[in-house]
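Student: What follows is the file start-v9.pdb, containing PDB, C-alpha atoms and all ligand atoms:
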```pdb
ATOM      1  CA  MET W   1       0.000   0.000   0.000
ATOM      2  CA  SER W   2       1.346   3.394  -0.914
ATOM      3  CA  GLU W   3       1.521   6.233   1.534
ATOM      4  CA  THR W   4      -0.632   8.792  -0.225
ATOM      5  CA  ASN W   5       1.854  11.525   0.287
ATOM      6  CA  ASP W   6       3.898   9.385  -2.074
ATOM      7  CA  VAL W   7       1.264   9.636  -4.798
ATOM      8  CA  ARG W   8       3.196  10.962  -7.746
ATOM      9  CA  ARG W   9       1.400   9.520 -10.718
ATOM     10  CA  VAL W  10      -2.348   9.745 -11.185
ATOM     11  CA  ALA W  11      -4.446   8.211 -13.948
ATOM     12  CA  VAL W  12      -7.773   9.913 -14.646
ATOM     13  CA  LEU W  13     -10.224   7.801 -16.654
ATOM     14  CA  GLY W  14     -12.864   9.975 -18.322
ATOM     15  CA  ALA W  15     -12.065  13.545 -19.379
ATOM     16  CA  GLY W  16     -15.521  15.160 -19.202
ATOM     17  CA  THR W  17     -16.982  17.690 -16.753
ATOM     18  CA  MET W  18     -15.382  16.032 -13.736
ATOM     19  CA  GLY W  19     -12.366  14.229 -15.204
ATOM     20  CA  HIS W  20     -10.697  17.291 -16.675
ATOM     21  CA  GLY W  21     -11.030  19.127 -13.355
ATOM     22  CA  ILE W  22      -9.643  16.181 -11.380
ATOM     23  CA  ALA W  23      -6.665  15.981 -13.757
ATOM     24  CA  GLN W  24      -6.081  19.712 -13.321
ATOM     25  CA  VAL W  25      -6.056  19.723  -9.512
ATOM     26  CA  CYS W  26      -3.815  16.641  -9.333
ATOM     27  CA  ALA W  27      -1.311  18.203 -11.760
ATOM     28  CA  GLY W  28      -1.645  21.406  -9.753
ATOM     29  CA  ILE W  29       0.022  19.790  -6.715
ATOM     30  CA  GLY W  30       2.891  18.387  -8.783
ATOM     31  CA  CYS W  31       1.603  14.926  -9.739
ATOM     32  CA  SER W  32       2.174  13.525 -13.225
ATOM     33  CA  VAL W  33      -1.243  12.912 -14.696
ATOM     34  CA  ALA W  34      -2.338  10.613 -17.510
ATOM     35  CA  LEU W  35      -5.751  11.631 -18.829
ATOM     36  CA  TYR W  36      -7.721   8.985 -20.713
ATOM     37  CA  ASP W  37     -11.129   9.027 -22.382
ATOM     38  CA  ILE W  38     -12.737   6.505 -24.691
ATOM     39  CA  ASP W  39     -13.490   9.426 -27.016
ATOM     40  CA  GLU W  40     -10.308  11.083 -28.290
ATOM     41  CA  ALA W  41     -12.160  14.330 -29.005
ATOM     42  CA  ALA W  42     -13.217  14.402 -25.343
ATOM     43  CA  VAL W  43      -9.588  14.154 -24.208
ATOM     44  CA  ARG W  44      -8.651  17.081 -26.437
ATOM     45  CA  LYS W  45     -11.624  19.058 -25.168
ATOM     46  CA  GLY W  46     -10.723  18.166 -21.575
ATOM     47  CA  LEU W  47      -7.227  19.516 -22.071
ATOM     48  CA  GLU W  48      -8.617  22.703 -23.639
ATOM     49  CA  ARG W  49     -10.882  23.179 -20.636
ATOM     50  CA  ILE W  50      -7.925  22.788 -18.280
ATOM     51  CA  ARG W  51      -5.991  25.359 -20.298
ATOM     52  CA  ALA W  52      -8.988  27.727 -20.220
ATOM     53  CA  ASN W  53      -9.379  27.318 -16.431
ATOM     54  CA  LEU W  54      -5.689  28.069 -15.915
ATOM     55  CA  ASP W  55      -5.762  31.021 -18.338
ATOM     56  CA  LYS W  56      -8.644  32.429 -16.343
ATOM     57  CA  GLY W  57      -6.575  31.937 -13.176
ATOM     58  CA  VAL W  58      -3.690  33.856 -14.757
ATOM     59  CA  GLU W  59      -6.084  36.613 -15.863
ATOM     60  CA  LEU W  60      -7.400  36.926 -12.299
ATOM     61  CA  GLY W  61      -3.889  36.952 -10.867
ATOM     62  CA  LYS W  62      -4.463  33.676  -8.994
ATOM     63  CA  VAL W  63      -2.104  31.551 -11.086
ATOM     64  CA  ALA W  64       1.362  32.571 -12.307
ATOM     65  CA  ALA W  65       1.956  32.116 -16.047
ATOM     66  CA  ASP W  66       4.888  29.753 -15.481
ATOM     67  CA  GLU W  67       2.806  27.727 -13.015
ATOM     68  CA  ARG W  68       0.081  27.328 -15.657
ATOM     69  CA  ASP W  69       2.687  26.053 -18.123
ATOM     70  CA  ALA W  70       4.151  23.654 -15.549
ATOM     71  CA  VAL W  71       0.708  22.234 -14.700
ATOM     72  CA  LEU W  72      -0.058  21.657 -18.393
ATOM     73  CA  GLU W  73       3.321  19.962 -18.892
ATOM     74  CA  ARG W  74       2.513  17.458 -16.150
ATOM     75  CA  ILE W  75      -0.573  16.205 -18.004
ATOM     76  CA  VAL W  76      -0.254  13.667 -20.797
ATOM     77  CA  THR W  77      -3.215  12.388 -22.734
ATOM     78  CA  THR W  78      -3.607   8.805 -23.839
ATOM     79  CA  SER W  79      -6.058   6.676 -25.771
ATOM     80  CA  SER W  80      -5.573   3.472 -23.785
ATOM     81  CA  VAL W  81      -6.520   2.547 -20.222
ATOM     82  CA  ALA W  82      -3.463   0.288 -19.960
ATOM     83  CA  ASP W  83      -1.152   3.196 -20.857
ATOM     84  CA  ALA W  84      -2.919   5.557 -18.474
ATOM     85  CA  VAL W  85      -2.645   3.303 -15.416
ATOM     86  CA  THR W  86       0.924   2.097 -15.973
ATOM     87  CA  GLY W  87       2.943   3.237 -12.972
ATOM     88  CA  ALA W  88      -0.036   5.027 -11.413
ATOM     89  CA  ASP W  89      -0.168   5.371  -7.619
ATOM     90  CA  LEU W  90      -3.787   6.509  -7.830
ATOM     91  CA  VAL W  91      -6.450   5.852 -10.452
ATOM     92  CA  VAL W  92      -9.538   8.088 -10.456
ATOM     93  CA  GLU W  93     -12.427   7.037 -12.679
ATOM     94  CA  ALA W  94     -14.787   9.781 -13.912
ATOM     95  CA  ALA W  95     -16.758   8.039 -16.656
ATOM     96  CA  PRO W  96     -20.570   8.273 -16.977
ATOM     97  CA  GLU W  97     -22.783   7.099 -14.124
ATOM     98  CA  SER W  98     -23.337   3.512 -15.255
ATOM     99  CA  PHE W  99     -22.505   0.545 -13.081
ATOM    100  CA  GLU W 100     -21.727  -1.731 -16.050
ATOM    101  CA  LEU W 101     -19.417   0.874 -17.567
ATOM    102  CA  LYS W 102     -17.517   1.415 -14.345
ATOM    103  CA  GLU W 103     -17.256  -2.340 -13.775
ATOM    104  CA  THR W 104     -15.635  -2.769 -17.212
ATOM    105  CA  ILE W 105     -13.272   0.188 -16.778
ATOM    106  CA  PHE W 106     -12.090  -1.012 -13.366
ATOM    107  CA  GLY W 107     -11.587  -4.550 -14.661
ATOM    108  CA  GLU W 108      -9.179  -3.133 -17.228
ATOM    109  CA  ALA W 109      -7.571  -0.578 -14.929
ATOM    110  CA  ASP W 110      -6.997  -3.164 -12.197
ATOM    111  CA  ALA W 111      -5.209  -5.469 -14.628
ATOM    112  CA  GLY W 112      -2.735  -2.769 -15.669
ATOM    113  CA  ALA W 113      -2.213  -0.723 -12.502
ATOM    114  CA  PRO W 114       0.579  -1.445 -10.002
ATOM    115  CA  ASP W 115      -0.322  -3.626  -7.001
ATOM    116  CA  HIS W 116      -0.061  -0.694  -4.611
ATOM    117  CA  ALA W 117      -2.348   1.671  -6.573
ATOM    118  CA  ILE W 118      -5.431   3.132  -4.930
ATOM    119  CA  LEU W 119      -8.453   2.725  -7.204
ATOM    120  CA  ALA W 120     -11.057   5.446  -6.804
ATOM    121  CA  THR W 121     -14.407   6.204  -8.417
ATOM    122  CA  ASN W 122     -16.007   9.636  -8.650
ATOM    123  CA  THR W 123     -19.515   8.120  -8.711
ATOM    124  CA  SER W 124     -22.139  10.391  -7.207
ATOM    125  CA  SER W 125     -24.617   7.643  -6.342
ATOM    126  CA  LEU W 126     -23.526   4.083  -7.129
ATOM    127  CA  SER W 127     -22.538   1.581  -4.452
ATOM    128  CA  ILE W 128     -18.804   1.550  -3.727
ATOM    129  CA  GLU W 129     -19.093  -2.005  -2.400
ATOM    130  CA  LYS W 130     -20.612  -3.190  -5.661
ATOM    131  CA  ILE W 131     -18.116  -1.467  -7.993
ATOM    132  CA  ALA W 132     -15.246  -2.736  -5.808
ATOM    133  CA  ARG W 133     -16.180  -6.298  -6.768
ATOM    134  CA  ALA W 134     -14.726  -5.576 -10.214
ATOM    135  CA  VAL W 135     -11.187  -5.325  -8.806
ATOM    136  CA  SER W 136      -8.848  -7.979  -7.415
ATOM    137  CA  ASP W 137      -8.224  -6.206  -4.109
ATOM    138  CA  PRO W 138     -11.303  -4.270  -2.876
ATOM    139  CA  ALA W 139      -9.244  -3.112   0.118
ATOM    140  CA  ARG W 140      -7.614  -0.588  -2.237
ATOM    141  CA  PHE W 141     -10.948   0.623  -3.620
ATOM    142  CA  ILE W 142     -12.666   3.839  -2.478
ATOM    143  CA  GLY W 143     -14.997   6.636  -3.592
ATOM    144  CA  LEU W 144     -13.578  10.117  -4.150
ATOM    145  CA  HIS W 145     -16.635  12.271  -4.800
ATOM    146  CA  PHE W 146     -15.465  15.610  -6.168
ATOM    147  CA  PHE W 147     -17.844  18.507  -6.810
ATOM    148  CA  ASN W 148     -18.310  20.588  -9.934
ATOM    149  CA  PRO W 149     -16.351  22.719 -10.846
ATOM    150  CA  VAL W 150     -13.560  20.622  -9.389
ATOM    151  CA  HIS W 151     -10.874  23.312  -9.449
ATOM    152  CA  ILE W 152     -13.084  25.607  -7.356
ATOM    153  CA  MET W 153     -15.177  23.417  -5.046
ATOM    154  CA  LYS W 154     -13.484  22.572  -1.751
ATOM    155  CA  LEU W 155     -15.492  19.503  -0.768
ATOM    156  CA  VAL W 156     -14.524  15.912  -1.551
ATOM    157  CA  GLU W 157     -16.540  13.072  -0.015
ATOM    158  CA  VAL W 158     -14.283  10.126   0.774
ATOM    159  CA  VAL W 159     -16.639   7.150   0.613
ATOM    160  CA  TRP W 160     -15.478   3.891   2.133
ATOM    161  CA  GLY W 161     -17.056   0.539   1.497
ATOM    162  CA  PRO W 162     -17.096  -2.513   3.801
ATOM    163  CA  ASP W 163     -13.939  -3.854   2.140
ATOM    164  CA  THR W 164     -11.981  -0.589   1.960
ATOM    165  CA  SER W 165      -8.919  -0.841   4.221
ATOM    166  CA  ASP W 166      -8.117   1.760   6.867
ATOM    167  CA  ALA W 167      -4.838   2.410   5.065
ATOM    168  CA  THR W 168      -6.692   3.258   1.833
ATOM    169  CA  ARG W 169      -9.147   5.514   3.663
ATOM    170  CA  LEU W 170      -6.387   7.377   5.491
ATOM    171  CA  ALA W 171      -4.339   7.674   2.322
ATOM    172  CA  ALA W 172      -7.323   9.053   0.401
ATOM    173  CA  VAL W 173      -8.037  11.619   3.121
ATOM    174  CA  ALA W 174      -4.381  12.701   3.119
ATOM    175  CA  PHE W 175      -4.405  13.053  -0.657
ATOM    176  CA  VAL W 176      -7.562  15.179  -0.611
ATOM    177  CA  ARG W 177      -5.910  17.468   1.957
ATOM    178  CA  ARG W 178      -2.822  17.643  -0.225
ATOM    179  CA  LEU W 179      -5.089  18.890  -3.023
ATOM    180  CA  GLY W 180      -6.046  21.759  -0.719
ATOM    181  CA  LYS W 181      -9.562  20.385  -0.402
ATOM    182  CA  GLU W 182     -11.695  19.388   2.580
ATOM    183  CA  PRO W 183     -12.407  15.670   2.943
ATOM    184  CA  VAL W 184     -15.643  14.451   4.501
ATOM    185  CA  VAL W 185     -15.458  10.753   5.349
ATOM    186  CA  VAL W 186     -18.704   8.904   4.640
ATOM    187  CA  LYS W 187     -19.717   5.263   4.869
ATOM    188  CA  ASP W 188     -20.981   3.837   1.575
ATOM    189  CA  SER W 189     -24.733   4.513   1.670
ATOM    190  CA  PRO W 190     -27.264   5.956  -0.801
ATOM    191  CA  GLY W 191     -26.721   9.659  -1.455
ATOM    192  CA  PHE W 192     -23.592   9.680   0.721
ATOM    193  CA  ALA W 193     -23.775  12.737   3.018
ATOM    194  CA  SER W 194     -24.223  15.609   0.564
ATOM    195  CA  SER W 195     -27.067  14.394  -1.681
ATOM    196  CA  ARG W 196     -28.960  12.747   1.160
ATOM    197  CA  LEU W 197     -29.300  16.028   3.046
ATOM    198  CA  GLY W 198     -29.431  18.313   0.020
ATOM    199  CA  ILE W 199     -32.271  16.403  -1.632
ATOM    200  CA  VAL W 200     -34.471  16.451   1.480
ATOM    201  CA  LEU W 201     -34.127  20.236   1.666
ATOM    202  CA  GLY W 202     -34.713  20.615  -2.073
ATOM    203  CA  MET W 203     -37.824  18.384  -2.131
ATOM    204  CA  GLU W 204     -39.332  20.095   0.909
ATOM    205  CA  ALA W 205     -38.742  23.531  -0.623
ATOM    206  CA  ILE W 206     -40.580  22.391  -3.781
ATOM    207  CA  ARG W 207     -43.465  21.034  -1.644
ATOM    208  CA  MET W 208     -43.666  24.464  -0.003
ATOM    209  CA  VAL W 209     -43.951  26.155  -3.434
ATOM    210  CA  GLU W 210     -46.614  23.589  -4.364
ATOM    211  CA  GLU W 211     -48.606  24.391  -1.212
ATOM    212  CA  GLY W 212     -48.243  28.142  -1.734
ATOM    213  CA  VAL W 213     -46.404  28.595   1.570
ATOM    214  CA  ALA W 214     -44.133  31.248   0.052
ATOM    215  CA  ALA W 215     -42.687  32.358  -3.278
ATOM    216  CA  PRO W 216     -39.456  30.619  -4.448
ATOM    217  CA  GLU W 217     -37.437  33.814  -3.880
ATOM    218  CA  ASP W 218     -38.681  34.031  -0.292
ATOM    219  CA  ILE W 219     -38.053  30.356   0.484
ATOM    220  CA  ASP W 220     -34.505  30.758  -0.814
ATOM    221  CA  ARG W 221     -33.992  33.987   1.108
ATOM    222  CA  ALA W 222     -35.135  32.270   4.310
ATOM    223  CA  MET W 223     -32.268  29.793   3.970
ATOM    224  CA  GLU W 224     -29.735  32.339   2.694
ATOM    225  CA  LEU W 225     -30.366  34.977   5.361
ATOM    226  CA  GLY W 226     -31.723  32.859   8.200
ATOM    227  CA  TYR W 227     -29.393  29.877   7.916
ATOM    228  CA  ARG W 228     -26.502  31.442   6.038
ATOM    229  CA  HIS W 229     -26.705  29.070   3.092
ATOM    230  CA  PRO W 230     -24.798  30.670   0.190
ATOM    231  CA  MET W 231     -27.663  29.723  -2.124
ATOM    232  CA  GLY W 232     -31.266  28.696  -1.434
ATOM    233  CA  PRO W 233     -32.486  25.169  -2.322
ATOM    234  CA  LEU W 234     -34.641  26.260  -5.278
ATOM    235  CA  LYS W 235     -31.956  28.288  -7.008
ATOM    236  CA  LEU W 236     -29.584  25.368  -6.450
ATOM    237  CA  THR W 237     -32.132  23.012  -7.998
ATOM    238  CA  ASP W 238     -32.316  25.333 -11.033
ATOM    239  CA  LEU W 239     -28.521  25.266 -11.382
ATOM    240  CA  VAL W 240     -28.134  21.510 -10.980
ATOM    241  CA  GLY W 241     -31.089  20.787 -13.289
ATOM    242  CA  LEU W 242     -34.593  19.744 -12.222
ATOM    243  CA  ASP W 243     -34.262  16.492 -14.180
ATOM    244  CA  VAL W 244     -31.003  15.600 -12.428
ATOM    245  CA  ARG W 245     -32.472  16.301  -9.004
ATOM    246  CA  LEU W 246     -35.629  14.333  -9.844
ATOM    247  CA  GLY W 247     -33.459  11.338 -10.796
ATOM    248  CA  ILE W 248     -31.541  11.468  -7.515
ATOM    249  CA  ALA W 249     -34.736  11.932  -5.474
ATOM    250  CA  GLU W 250     -36.356   8.905  -7.145
ATOM    251  CA  TYR W 251     -33.261   6.820  -6.486
ATOM    252  CA  LEU W 252     -33.097   7.833  -2.809
ATOM    253  CA  HIS W 253     -36.851   7.400  -2.360
ATOM    254  CA  ASN W 254     -36.549   3.836  -3.659
ATOM    255  CA  THR W 255     -33.379   2.858  -1.829
ATOM    256  CA  LEU W 256     -33.940   4.582   1.527
ATOM    257  CA  ALA W 257     -37.730   4.095   1.559
ATOM    258  CA  SER W 258     -38.328   7.442   3.245
ATOM    259  CA  GLU W 259     -41.152   9.815   2.296
ATOM    260  CA  ALA W 260     -38.736  12.709   2.811
ATOM    261  CA  PHE W 261     -37.274  11.909  -0.621
ATOM    262  CA  ARG W 262     -40.578  11.488  -2.488
ATOM    263  CA  PRO W 263     -40.438  13.827  -5.513
ATOM    264  CA  PRO W 264     -43.318  16.353  -5.416
ATOM    265  CA  GLU W 265     -45.808  16.355  -8.316
ATOM    266  CA  LEU W 266     -44.776  19.928  -9.146
ATOM    267  CA  LEU W 267     -41.223  18.743  -9.836
ATOM    268  CA  ARG W 268     -42.476  15.962 -12.122
ATOM    269  CA  ARG W 269     -44.754  18.372 -13.992
ATOM    270  CA  MET W 270     -41.987  20.922 -14.495
ATOM    271  CA  VAL W 271     -39.571  18.286 -15.804
ATOM    272  CA  ALA W 272     -42.254  16.896 -18.158
ATOM    273  CA  ALA W 273     -42.830  20.446 -19.452
ATOM    274  CA  GLY W 274     -39.110  20.871 -20.163
ATOM    275  CA  LYS W 275     -38.607  23.362 -17.332
ATOM    276  CA  LEU W 276     -35.230  22.031 -16.270
ATOM    277  CA  GLY W 277     -33.779  25.141 -14.651
ATOM    278  CA  LYS W 278     -30.929  27.297 -15.916
ATOM    279  CA  LYS W 279     -29.988  24.992 -18.799
ATOM    280  CA  SER W 280     -33.480  25.258 -20.340
ATOM    281  CA  GLY W 281     -33.947  28.924 -19.431
ATOM    282  CA  GLN W 282     -36.826  28.282 -17.016
ATOM    283  CA  GLY W 283     -37.138  26.606 -13.645
ATOM    284  CA  PHE W 284     -38.226  28.090 -10.335
ATOM    285  CA  TYR W 285     -36.592  31.232 -11.704
ATOM    286  CA  ASP W 286     -36.638  32.761 -15.167
ATOM    287  CA  TRP W 287     -33.119  32.454 -16.608
ATOM    288  CA  GLY W 288     -33.917  34.309 -19.778
ATOM    289  CA  GLY W 289     -34.767  31.304 -21.946
ATOM    290  CA  SER W 290     -37.846  30.486 -23.985
TER     291      SER W 290
HETATM  292  N1  LIG J   1     -21.198  16.552 -13.285
HETATM  293  C1  LIG J   1     -21.251  16.643 -11.968
HETATM  294  O1  LIG J   1     -21.654  17.680 -11.401
HETATM  295  C2  LIG J   1     -20.758  15.500 -11.104
HETATM  296  C3  LIG J   1     -20.437  15.764  -9.763
HETATM  297  C4  LIG J   1     -19.922  14.733  -8.978
HETATM  298  C5  LIG J   1     -19.767  13.458  -9.524
HETATM  299  N2  LIG J   1     -20.119  13.219 -10.818
HETATM  300  C6  LIG J   1     -19.902  11.857 -11.341
HETATM  301  O2  LIG J   1     -18.701  11.882 -12.102
HETATM  302  C7  LIG J   1     -18.787  10.920 -13.160
HETATM  303  C8  LIG J   1     -18.542  11.618 -14.484
HETATM  304  O3  LIG J   1     -19.519  12.610 -14.664
HETATM  305  P1  LIG J   1     -19.302  13.833 -15.663
HETATM  306  O4  LIG J   1     -20.341  14.844 -15.313
HETATM  307  O5  LIG J   1     -17.867  14.236 -15.712
HETATM  308  O6  LIG J   1     -19.707  13.141 -17.046
HETATM  309  P2  LIG J   1     -19.360  13.628 -18.520
HETATM  310  O7  LIG J   1     -20.376  13.023 -19.395
HETATM  311  O8  LIG J   1     -19.119  15.093 -18.574
HETATM  312  O9  LIG J   1     -17.938  12.932 -18.822
HETATM  313  C9  LIG J   1     -17.780  11.536 -18.888
HETATM  314  C10 LIG J   1     -16.660  11.225 -19.864
HETATM  315  O10 LIG J   1     -16.413   9.820 -19.814
HETATM  316  C11 LIG J   1     -16.134   9.400 -21.130
HETATM  317  N3  LIG J   1     -16.339   7.959 -21.233
HETATM  318  C12 LIG J   1     -17.426   7.265 -21.646
HETATM  319  N4  LIG J   1     -17.163   5.942 -21.608
HETATM  320  C13 LIG J   1     -15.888   5.820 -21.150
HETATM  321  C14 LIG J   1     -15.040   4.711 -20.915
HETATM  322  N5  LIG J   1     -15.448   3.473 -21.120
HETATM  323  N6  LIG J   1     -13.799   4.957 -20.458
HETATM  324  C15 LIG J   1     -13.367   6.224 -20.246
HETATM  325  N7  LIG J   1     -14.132   7.308 -20.461
HETATM  326  C16 LIG J   1     -15.364   7.096 -20.908
HETATM  327  C17 LIG J   1     -17.047  10.232 -22.015
HETATM  328  O11 LIG J   1     -16.532  10.259 -23.345
HETATM  329  C18 LIG J   1     -16.993  11.586 -21.312
HETATM  330  O12 LIG J   1     -15.969  12.398 -21.852
HETATM  331  C19 LIG J   1     -20.164  10.274 -13.026
HETATM  332  O13 LIG J   1     -20.041   9.093 -12.278
HETATM  333  C20 LIG J   1     -20.964  11.331 -12.263
HETATM  334  O14 LIG J   1     -22.031  10.764 -11.535
HETATM  335  C21 LIG J   1     -20.593  14.211 -11.636
END
```
Could I get this structure in the form of structure tokens?
Ligand SMILES: NC(=O)c1ccc[n+]([C@@H]2O[C@H](COP(=O)([O-])OP(=O)(O)OC[C@H]3O[C@@H](n4cnc5c(N)ncnc54)[C@H](O)[C@@H]3O)[C@@H](O)[C@H]2O)c1
Tutor:
Amino acid sequence: MSETNDVRRVAVLGAGTMGHGIAQVCAGIGCSVALYDIDEAAVRKGLERIRANLDKGVELGKVAADERDAVLERIVTTSSVADAVTGADLVVEAAPESFELKETIFGEADAGAPDHAILATNTSSLSIEKIARAVSDPARFIGLHFFNPVHIMKLVEVVWGPDTSDATRLAAVAFVRRLGKEPVVVKDSPGFASSRLGIVLGMEAIRMVEEGVAAPEDIDRAMELGYRHPMGPLKLTDLVGLDVRLGIAEYLHNTLASEAFRPPELLRRMVAAGKLGKKSGQGFYDWGGS
């Protein structure tokens, strides 16, 4: 087992919304990063997004120009999982949220990665215990749940399954701290800590709109001013996407069998009408769309 402070090489599998950001922050602390995606165009786009994030940092005076160049130099792209994981101390998978897909990727990654490598998934909802069955040594398997945008958000949920070893958990926590982020250690369970609480608040806020308790702006302001939330639950739902939140609520309602997660009819109606929040232009707020 590697001491995580020894993590020097990281393989990131999947270069989309999350993968490119994970590659960036790992390279940002001096690790060599191999970025892989099944779609070569996605790898190129991922690298462009990293460059754009760093350029923005330079523009804002938060990143020095030579630091940006050094971070970019530490990232290599590859079109094979085997290449990506060769010599890796840590593998982070950020492919789409499909159990079968992740199972296949980890089967391949496990075969090529060194015996000491920590194998981590960025899943936001799937069971860590179940995905870990795809690898030869589930003791080295863990969830590292980053938040979007990765280079800005401080939180990382470190999700341990029944087979995850203490050494892996401690190493993962140390690595997250090394990234300058805040680890929250959570036992593998539906919704982890963040979604489980966030969805209850979001669903209840929607029920309150449905019942005419208060206008969306006022419900949000109650949380922002009264509880010091940076953003109210309805605006957050608009930003995440009503369809995405409905999917998570349905999943938690089924798996945790609690009425607190039951999606309100209003949410279903809005999703059916294409009111998905910011991305569609209309949600609980008008975002200037059609
Ligand atoms: N987007 C978010 O806000 C967010 C937040 C936390 C966690 N997550 C989780 O992170 C993971 C990735 O989500 P995302 O939003 O980055 O998705 P995304 O669709 O933006 O990116 C996924 C990438 O994986 C690639 N891919 C598909 N099949 C692959 C394979 N077999 N091997 C390697 N790459 C493959 C795709 O080409 C794509 O570039 C999911 O498990 C998701 O639940 C997402």
Student: Got a sec to resolve the PyMOL selection byres (((not hetatm)) within 7 of (chain J and resi 1)) on this structure and send the residues as an mmCIF file with C-alpha atoms, in the frame of the given file?
Tutor:
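Below you can see part_11.cif, which holds the result:
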```
data_model
loop_
_atom_site.group_PDB
_atom_site.id
_atom_site.type_symbol
_atom_site.label_atom_id
_atom_site.label_comp_id
_atom_site.auth_asym_id
_atom_site.auth_seq_id
_atom_site.Cartn_x
_atom_site.Cartn_y
_atom_site.Cartn_z
ATOM 1 C CA LEU W 13 -10.224 7.801 -16.654
ATOM 2 C CA GLY W 14 -12.864 9.975 -18.322
ATOM 3 C CA ALA W 15 -12.065 13.545 -19.379
ATOM 4 C CA GLY W 16 -15.521 15.160 -19.202
ATOM 5 C CA THR W 17 -16.982 17.690 -16.753
ATOM 6 C CA MET W 18 -15.382 16.032 -13.736
ATOM 7 C CA GLY W 19 -12.366 14.229 -15.204
ATOM 8 C CA TYR W 36 -7.721 8.985 -20.713
ATOM 9 C CA ASP W 37 -11.129 9.027 -22.382
ATOM 10 C CA ILE W 38 -12.737 6.505 -24.691
ATOM 11 C CA ASP W 39 -13.490 9.426 -27.016
ATOM 12 C CA ALA W 42 -13.217 14.402 -25.343
ATOM 13 C CA ALA W 94 -14.787 9.781 -13.912
ATOM 14 C CA ALA W 95 -16.758 8.039 -16.656
ATOM 15 C CA PRO W 96 -20.570 8.273 -16.977
ATOM 16 C CA GLU W 97 -22.783 7.099 -14.124
ATOM 17 C CA LEU W 101 -19.417 0.874 -17.567
ATOM 18 C CA ILE W 105 -13.272 0.188 -16.778
ATOM 19 C CA ASN W 122 -16.007 9.636 -8.650
ATOM 20 C CA THR W 123 -19.515 8.120 -8.711
ATOM 21 C CA SER W 124 -22.139 10.391 -7.207
ATOM 22 C CA SER W 125 -24.617 7.643 -6.342
ATOM 23 C CA HIS W 145 -16.635 12.271 -4.800
ATOM 24 C CA PHE W 146 -15.465 15.610 -6.168
ATOM 25 C CA PHE W 147 -17.844 18.507 -6.810
ATOM 26 C CA ASN W 148 -18.310 20.588 -9.934
#
```
Student: For W:Ile29, which residue out of W:Tyr251, W:Phe192, W:Phe284, W:Phe175 is the nearest one, using all atoms listed in the file?
Tutor: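 Ranked by minimum distance to W:Ile29, first place goes to W:Phe175.
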Student: Measure the distance from atom CA of W:Gly161 to atom CA of W:Ile131 in Å and round it to one decimal.
Tutor: 9.8 Å
Student: Quick one: residues within 9 Å of W:Lys235, all atoms listed in the file, excluding same-chain residues fewer than 4 positions away - as number ranges by chain?
Tutor: W: 216-217, 220, 231, 239-240, 277, 283-285
Student: How big is the axis-aligned box around all listed atoms of stretch 269-286 of chain W once 6 Å goes on each side, and where's its centre, in Å to one decimal, as AutoDock Vina command-line options?
Tutor:
```
--center_x -37.4 --center_y 24.8 --center_z -15.3 --size_x 26.8 --size_y 27.9 --size_z 22.0
```
Student: Step by step, work through what the PyMOL selection byres (((chain W and resi 110-113) around 7) and not hetatm) selects in the shown file, and finish by giving those residues as JSON, numbers by chain.
Tutor: {"W": [82, 85, 86, 87, 88, 106, 107, 108, 109, 114, 115, 117, 135]}
